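Here the structure comes first, spelled out in structure tokens, and everything after it is commentary.
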2 protein chains.
Amino acid sequence: MDIYTQNGFRALADPTRRDILQRLAGGEHTIAQLTEHFDMTRAAVKKHLTVLSDGGLITTRVSGRERFNALDPNGFAPLRDWISFFDQFWGNQLTNLNDIIENNDQKGPLQ
Amino acid sequence: MDIYTQNGFRALADPTRRDILQRLAGGEHTIAQLTEHFDMTRAAVKKHLTVLSDGGLITTRVSGRERFNALDPNGFAPLRDWISFFDQFWGNQLTNLNDIIENNDQKGPLQ
DNA sequence: TCGATTTGACACCTTTTGGTATCACGTTAA
DNA sequence: TTAACGTGATACCAAAAGGTGTCAAATCGA
């Protein structure tokens, strides 16, 4: 049914794509900038960006011959909510997202 | 680094495996019981269960010749938290997980 | 005891995925 | 104007993923 959620979870399944998302959390990047940090070609990074875009996790802003990629809020919420549904099945302490964010050390989630 | 998180996200990338998780939310199932609901062989379902187990999303209780599969809380929290990290990058209203659960209609997240 | 049941483990096949190499196209700057 | 730059797109390849069929082993029930 929800192909958007499917694409979103598929996008998160690859460690390179999760790494890209964390780098975009520090601000928008072009493909060339992202490629510097990976041991693969620009074409491979471009493919990962396409998958991330299909999942609604990033957007692209075009400026001249450059394309700046940035995080897109739209794709994240459905994925987080899908997982959060299962929290009701274990009676543990329920996490408040505000607490997660307030206690965050700004370095990003551990990869 | 965190192969556990990697396996978890990989497990969620397949729609059959997400369907299995939602069925297990209704209680533990054997492989044979799960297979009734899918258009694939028991061996295929078994493979999906192995992936879910590798991701720490399910556990198995053995009783005689039967093996009952059930949800495992351990694997879910790291995945939810990983995604929740990004919530700080859009200033929208932060969702309180308690609200999500209280408003849930008990039918499970839309697939 | 012995057949039916439930499962795990392989070998095997096809499709998808992650990667490279290469070329074409628009943009920039000298 | 023209060469360098940044990118999209495509063909191609190896490996991983999702599936089937089959067989052996353990357990249950008559």
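Residue numbering restarts at 1 in every chain; chains get A, B, ... in the order shown in the structure tokens, and ligands count up from 1 in that same order.
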
> Please, which residues of chain B, numbered as in this document, come out helix (DSSP H, G or I) from DSSP, as a ChimeraX atom specification?
Replying inline: /B:3-12,15-24,31-35,42-54,73-89,97-102

After superposing chain A onto chain B (least squares, all C-alpha atoms, pairing by order), export the transformed chain as an mmCIF file with C-alpha atoms, in the first residue's frame.
data_model
loop_
_atom_site.group_PDB
_atom_site.id
_atom_site.type_symbol
_atom_site.label_atom_id
_atom_site.label_comp_id
_atom_site.auth_asym_id
_atom_site.auth_seq_id
_atom_site.Cartn_x
_atom_site.Cartn_y
_atom_site.Cartn_z
ATOM 1 C CA MET A 1 30.054 -0.076 13.612
ATOM 2 C CA ASP A 2 26.691 -1.020 15.070
ATOM 3 C CA ILE A 3 25.849 -4.174 13.130
ATOM 4 C CA TYR A 4 22.754 -4.576 15.267
ATOM 5 C CA THR A 5 21.237 -1.341 14.024
ATOM 6 C CA GLN A 6 22.242 -2.264 10.484
ATOM 7 C CA ASN A 7 20.433 -5.597 10.727
ATOM 8 C CA GLY A 8 17.429 -3.892 12.284
ATOM 9 C CA PHE A 9 16.975 -1.396 9.476
ATOM 10 C CA ARG A 10 17.599 -4.090 6.904
ATOM 11 C CA ALA A 11 14.881 -6.188 8.537
ATOM 12 C CA LEU A 12 12.364 -3.343 8.236
ATOM 13 C CA ALA A 13 13.129 -2.762 4.554
ATOM 14 C CA ASP A 14 10.956 -5.665 3.390
ATOM 15 C CA PRO A 15 7.136 -5.382 3.381
ATOM 16 C CA THR A 16 6.652 -9.065 4.211
ATOM 17 C CA ARG A 17 8.797 -8.679 7.321
ATOM 18 C CA ARG A 18 6.901 -5.570 8.428
ATOM 19 C CA ASP A 19 3.682 -7.506 7.932
ATOM 20 C CA ILE A 20 5.059 -10.324 10.088
ATOM 21 C CA LEU A 21 5.899 -7.864 12.867
ATOM 22 C CA GLN A 22 2.364 -6.492 12.840
ATOM 23 C CA ARG A 23 0.940 -9.994 13.046
ATOM 24 C CA LEU A 24 3.239 -10.803 15.964
ATOM 25 C CA ALA A 25 1.879 -7.695 17.666
ATOM 26 C CA GLY A 26 -1.301 -9.737 18.024
ATOM 27 C CA GLY A 27 0.565 -12.522 19.809
ATOM 28 C CA GLU A 28 3.178 -15.178 19.153
ATOM 29 C CA HIS A 29 2.933 -17.336 16.030
ATOM 30 C CA THR A 30 4.639 -20.438 14.694
ATOM 31 C CA ILE A 31 6.116 -20.439 11.204
ATOM 32 C CA ALA A 32 3.228 -22.568 9.951
ATOM 33 C CA GLN A 33 0.680 -20.099 11.343
ATOM 34 C CA LEU A 34 2.429 -17.144 9.733
ATOM 35 C CA THR A 35 2.784 -18.943 6.412
ATOM 36 C CA GLU A 36 -1.009 -19.257 6.109
ATOM 37 C CA HIS A 37 -1.225 -15.503 5.555
ATOM 38 C CA PHE A 38 1.391 -15.227 2.827
ATOM 39 C CA ASP A 39 1.608 -16.415 -0.734
ATOM 40 C CA MET A 40 4.977 -18.071 -0.281
ATOM 41 C CA THR A 41 6.484 -21.248 1.113
ATOM 42 C CA ARG A 42 7.291 -21.959 4.741
ATOM 43 C CA ALA A 43 10.989 -21.881 3.868
ATOM 44 C CA ALA A 44 10.665 -18.310 2.587
ATOM 45 C CA VAL A 45 8.862 -17.224 5.762
ATOM 46 C CA LYS A 46 11.563 -18.918 7.799
ATOM 47 C CA LYS A 47 14.201 -16.845 5.997
ATOM 48 C CA HIS A 48 12.335 -13.659 6.851
ATOM 49 C CA LEU A 49 12.140 -14.737 10.488
ATOM 50 C CA THR A 50 15.898 -15.280 10.520
ATOM 51 C CA VAL A 51 16.445 -11.744 9.244
ATOM 52 C CA LEU A 52 14.060 -10.372 11.885
ATOM 53 C CA SER A 53 15.908 -12.331 14.557
ATOM 54 C CA ASP A 54 19.285 -11.034 13.346
ATOM 55 C CA GLY A 55 17.882 -7.534 13.779
ATOM 56 C CA GLY A 56 16.837 -8.272 17.341
ATOM 57 C CA LEU A 57 13.190 -7.667 16.477
ATOM 58 C CA ILE A 58 11.836 -11.103 17.417
ATOM 59 C CA THR A 59 12.606 -13.926 19.836
ATOM 60 C CA THR A 60 11.713 -17.614 19.670
ATOM 61 C CA ARG A 61 10.281 -19.862 22.367
ATOM 62 C CA VAL A 62 10.647 -23.588 21.701
ATOM 63 C CA SER A 63 7.940 -25.963 22.848
ATOM 64 C CA GLY A 64 8.276 -29.527 21.626
ATOM 65 C CA ARG A 65 8.439 -29.539 17.870
ATOM 66 C CA GLU A 66 6.935 -26.062 17.672
ATOM 67 C CA ARG A 67 8.767 -22.724 17.741
ATOM 68 C CA PHE A 68 6.756 -19.704 18.800
ATOM 69 C CA ASN A 69 7.973 -16.373 17.451
ATOM 70 C CA ALA A 70 7.234 -13.151 19.331
ATOM 71 C CA LEU A 71 8.165 -9.464 19.262
ATOM 72 C CA ASP A 72 11.437 -8.511 20.965
ATOM 73 C CA PRO A 73 11.587 -4.983 22.429
ATOM 74 C CA ASN A 74 15.370 -4.809 22.266
ATOM 75 C CA GLY A 75 15.701 -4.168 18.559
ATOM 76 C CA PHE A 76 13.068 -1.479 18.210
ATOM 77 C CA ALA A 77 14.304 1.255 20.522
ATOM 78 C CA PRO A 78 17.657 1.855 18.776
ATOM 79 C CA LEU A 79 15.900 2.215 15.421
ATOM 80 C CA ARG A 80 13.259 4.589 16.753
ATOM 81 C CA ASP A 81 15.898 6.653 18.525
ATOM 82 C CA TRP A 82 18.082 6.809 15.430
ATOM 83 C CA ILE A 83 15.221 8.307 13.447
ATOM 84 C CA SER A 84 14.114 10.543 16.300
ATOM 85 C CA PHE A 85 17.520 12.223 16.311
ATOM 86 C CA PHE A 86 16.523 14.055 13.145
ATOM 87 C CA ASP A 87 13.425 15.591 14.716
ATOM 88 C CA GLN A 88 15.527 18.404 16.097
ATOM 89 C CA PHE A 89 16.233 19.658 12.582
ATOM 90 C CA TRP A 90 12.712 20.806 11.858
ATOM 91 C CA GLY A 91 11.186 23.134 14.378
ATOM 92 C CA ASN A 92 7.729 21.616 14.065
ATOM 93 C CA GLN A 93 5.730 20.384 16.977
ATOM 94 C CA LEU A 94 7.604 17.572 18.682
ATOM 95 C CA THR A 95 5.575 14.421 19.004
ATOM 96 C CA ASN A 96 5.123 12.892 22.419
ATOM 97 C CA LEU A 97 5.188 9.134 22.156
ATOM 98 C CA ASN A 98 2.556 8.878 24.864
ATOM 99 C CA ASP A 99 0.200 10.817 22.626
ATOM 100 C CA ILE A 100 0.878 8.480 19.732
ATOM 101 C CA ILE A 101 0.033 5.472 21.826
ATOM 102 C CA GLU A 102 -2.979 6.981 23.562
ATOM 103 C CA ASN A 103 -4.500 8.006 20.238
ATOM 104 C CA ASN A 104 -3.745 4.701 18.568
ATOM 105 C CA ASP A 105 -6.747 2.857 17.191
ATOM 106 C CA GLN A 106 -5.226 -0.536 17.954
ATOM 107 C CA LYS A 107 -5.289 -1.550 14.312
ATOM 108 C CA GLY A 108 -1.593 -1.008 13.858
ATOM 109 C CA PRO A 109 0.271 1.515 11.710
ATOM 110 C CA LEU A 110 -0.914 1.801 8.159
ATOM 111 C CA GLN A 111 1.067 -0.453 5.903
#

> Can you list, as a list in words, every residue of chain B that DSSP puts in strand (DSSP E or B)?
Replying inline: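 Selection result, strand (DSSP E or B) within chain B: His29, Ile58, Thr59, Thr60, Arg61, Val62, Ser63, Glu66, Arg67, Phe68, Asn69, Ala70 and Leu71 of chain B.
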
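Selected on chain D by distance to chain A: DC5, DG6, DT7, DG8, DA9 and DT10 of chain D (within 12 Å, counting only C-alpha atoms (C1' of nucleotides)).
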
> Do you have the C1' of DC10 (chain C)-C1' of DT27 (chain D) distance handy?
Replying inline: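 Atom-to-atom, C1' of DC10 (chain C) to C1' of DT27 (chain D), that is 22.1 Å.
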
Once you count only C-alpha atoms (C1' of nucleotides), what closest atom pair and distance in Å to one decimal does each residue of chain C within 10 Å of chain A have, with rows by chain and rising residue number, as CSV?
residue,atom,partner,partner_atom,distance
C:DG18,C1',A:Ala44,CA,7.5
C:DG19,C1',A:Ala44,CA,6.4
C:DT20,C1',A:Thr41,CA,7.7
C:DA21,C1',A:Ala43,CA,9.8
C:DG26,C1',A:Arg65,CA,7.0
C:DT27,C1',A:Arg65,CA,5.1
C:DT28,C1',A:Arg65,CA,8.1

> When you draw a straight line from C1' of DT22 (chain D) to C1' of DT17 (chain C), how long is it in Å?
Replying inline: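 One can read the C1' of DT22 (chain D) to C1' of DT17 (chain C) distance as 28.5 Å.
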